[in-house]
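A.B. asks: Shown below is the structure under consideration.
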Amino acid sequence: MNDHLLFTILDLAGTFAFAVSGAVAARDRGLDWFGIITIAFTVACGGGVLRDLCIGAVPPAGLTDWRYLATAVAAAVMTMAGQGLVVRLAHPVTLFDSLGLGLFAVTGAQKALIFGHSAEVAVLLGVVTAVGGGVARDVLLNRVPVILQREIYASAALVGAGIEVAGERLGWVSNGRTWIALLTCFGLRYLSLRYKWNLPRSTGHDDSDN
Amino acid sequence: MNDHLLFTILDLAGTFAFAVSGAVAARDRGLDWFGIITIAFTVACGGGVLRDLCIGAVPPAGLTDWRYLATAVAAAVMTMAGQGLVVRLAHPVTLFDSLGLGLFAVTGAQKALIFGHSAEVAVLLGVVTAVGGGVARDVLLNRVPVILQREIYASAALVGAGIEVAGERLGWVSNGRTWIALLTCFGLRYLSLRYKWNLPRSTGHDDSDN
Amino acid sequence: MNDHLLFTILDLAGTFAFAVSGAVAARDRGLDWFGIITIAFTVACGGGVLRDLCIGAVPPAGLTDWRYLATAVAAAVMTMAGQGLVVRLAHPVTLFDSLGLGLFAVTGAQKALIFGHSAEVAVLLGVVTAVGGGVARDVLLNRVPVILQREIYASAALVGAGIEVAGERLGWVSNGRTWIALLTCFGLRYLSLRYKWNLPRSTGHDDSDN
């Protein structure tokens, strides 16, 4: 299996995992099936759409490639079909969500570089690609985005996008730097979940308010 | 009266109805008059702005055509002028909101096709045009978008945009398919309000949380 | 000191003030340090990013100019470093926030005019530039945008952007009109804070809901 096919499979697996996270959250809020599909699709493609708008790649890939929409609908339908299935899928979903985070951060940064933008833009848009969908999910479901509150999530995306862009600037072999960036982001996120690592908060916060 | 003039009148009537829905919601939340106008304008034009950004039609039509702004301001002023007026207008507003939904779904899909985009993009952006403003209203007023929770609303927009795009692909006469798409969406929405049709929700939701 | 250098300094001072307002709000909500930096950067650059998307200036200046990111990170770090510092900075921050409001409204309108857009688009995007970041902050922190609820804020931005655009159309000297627009917006905002001016609300609002 060549790298391109592998990346495509990982991309769709990450899309699926992101969509499941949206569908589960939407179902728990009591949305109807159309709302569940909408949130699933938004989580899966929202970050990429915002990246594409910022680099002028219109219409955004999330709207033009039917596989993203199909994957999001499939994830929503499976979520609605029963809780049992999702519970059995919980471990793979966490795994794919971490993989998706790394992959979206890396491919988001790559796409900005391919469009000729600077290293700063590429790193920022890598993070936007990876976390934009999750932020949109929480805004639509009327809560403070969980990824801004705690957990190593956006910061893992930042590390992944940073390695990819730094490697490109330093002339590393393309596939090599992509794998390092992807696996570092994935590892950071996955280990932080397993060992409950958190970023420090500042003093003066109000815990009762979250 | 030719079809073009009729569409323009329906477009502004739909804009007015959308703006009233925003102004009423903003007033009930205690916003000042500037906030009420802002929300009215956002509901009326938010979906179209997002569509135009996605197809690269900048600056968005909602910002360049003064009639949309004037219509939104007029709707906001009438809403603030007194509850009595709005109560008397409630039935026409519901009617125009349903018409606006159909019209925005159809014209949003048309615009994407005119810009040369695929059927999938056109259908998705038709729905975005029709429901984007209402989603923005609820996000700004800090609640879960009501159109994602229940009621036949976004799904009616999907049917309308789908008929328009399918008809274009099947070579139907332009005006004929537009009228069928518009009236189907309008009818679905209007009858669902009258007979309180809802889309099914999934199991496992938490009703107390909405 | 020439006007260009002075504007650059005011621009970064306004960015800093906007970023502090975001960082303080994020810290009070208990976000981790990455979330605080994200909100600070969003408040500082969110309005300008939306303006740039609407006029097709991609990638948006907020992403390409590293000084904005550096200023936002510095503001976030200072906010996290201790409440004492922020308390001592409270008065200058209010001052710079009012200056930033005027400056963002004027430069936002200018940029739209430079890109060849109409007076209406320029005024609307001046307001969007000035208040977009604050609206994004409140949406992310899950509350109704305070600038839509009360206080002379967005309306001061409207006056500033309006004077700039009217002056350009009337052929006033560029620097002259910019200073008049900036100082009028700043003065309106600053005096309204000092004397607690508010825009009238409509009847029928629900005070307990804010």
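The way I read the labels, and the way they are meant: chains A, B, ... in the order of the structure tokens, residue 1 as the first residue of every chain, and ligand 1 as the first ligand shown, with later ones counted on from there.
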So which residues touch B:Trp179 within 9 Å, counting only C-alpha atoms, skipping near sequence neighbours fewer than 5 positions away, as a VMD selection string?
C.D. replies: chain B and resid 164 174 184
A.B. asks: Pull out every residue of chain C sitting within 6 Å of chain A, counting only C-alpha atoms, and send them as a PyMOL selection string.
C.D. replies: chain C and resi 27-33+35+58-59+63-64+80+140-142
A.B. asks: Applying 7 Å and only C-alpha atoms, which residues near C:Ala75 remain after dropping the ones on its own chain fewer than 4 positions away? List them as a ChimeraX atom specification.
C.D. replies: /C:16,19-20,71,79
A.B. asks: Considering only C-alpha atoms, can you say which of A:Ala17, A:Ile114, A:Cys45, A:Leu183 comes closest to A:Val128?
C.D. replies: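 The answer is A:Cys45, which sits nearest to A:Val128.
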A.B. asks: My list of candidates is B:Leu6, B:Val131, B:Ala156, B:Val77. Which is closest to B:Thr42 when distances are computed with only C-alpha atoms?
C.D. replies: B:Val131
A.B. asks: How many Å separate atom CA of B:Thr178 from atom CA of B:Gly160?
C.D. replies: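 Interatomic distance here is 8.8 Å.
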A.B. asks: Using only C-alpha atoms, which of the listed residues (C:Leu113, C:Leu50, C:Ala76, C:Leu182) sits closest to C:Glu168?
C.D. replies: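 Closest to C:Glu168, using only C-alpha atoms: C:Leu113.
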A.B. asks: Would you mind listing what lies within 10 Å of A:Leu99 as a list in words, with only C-alpha atoms counted and same-chain residues fewer than 6 positions away left out?
C.D. replies: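 My list of contacting residues is Leu10, Asp11, Ala13, Gly14, Thr15, Ala17, Val93, Ala105, Leu182, Leu183, Cys185, Phe186, Gly187, Arg189 and Tyr190 of chain A.
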A.B. asks: I need the alpha helix (DSSP H) residues of stretch 108-201 of chain B per DSSP on the backbone, written as a ChimeraX atom specification.
C.D. replies: /B:108-114,119-140,146-149,154-169,174-194
A.B. asks: Measuring atom to atom with only C-alpha atoms, identify which of B:Gly82, B:Leu12, B:Leu158, B:Trp197 is nearest to B:Asp65.
C.D. replies: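 Result for the nearest residue to B:Asp65: B:Leu12.
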A.B. asks: For B:Ala161, which residue out of B:Gly116, B:Gly102, B:Gly176, B:Gly134 is the nearest one, using only C-alpha atoms?
C.D. replies: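 Closest to B:Ala161, using only C-alpha atoms: B:Gly102.
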A.B. asks: For each of A:Ala70, A:Ala157, A:Ala61, A:Met78, take the minimum atom-to-atom distance to A:Val24, counting only C-alpha atoms, then give the residue where this is smallest.
C.D. replies: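 That would be A:Met78, the residue with the smallest distance to A:Val24.
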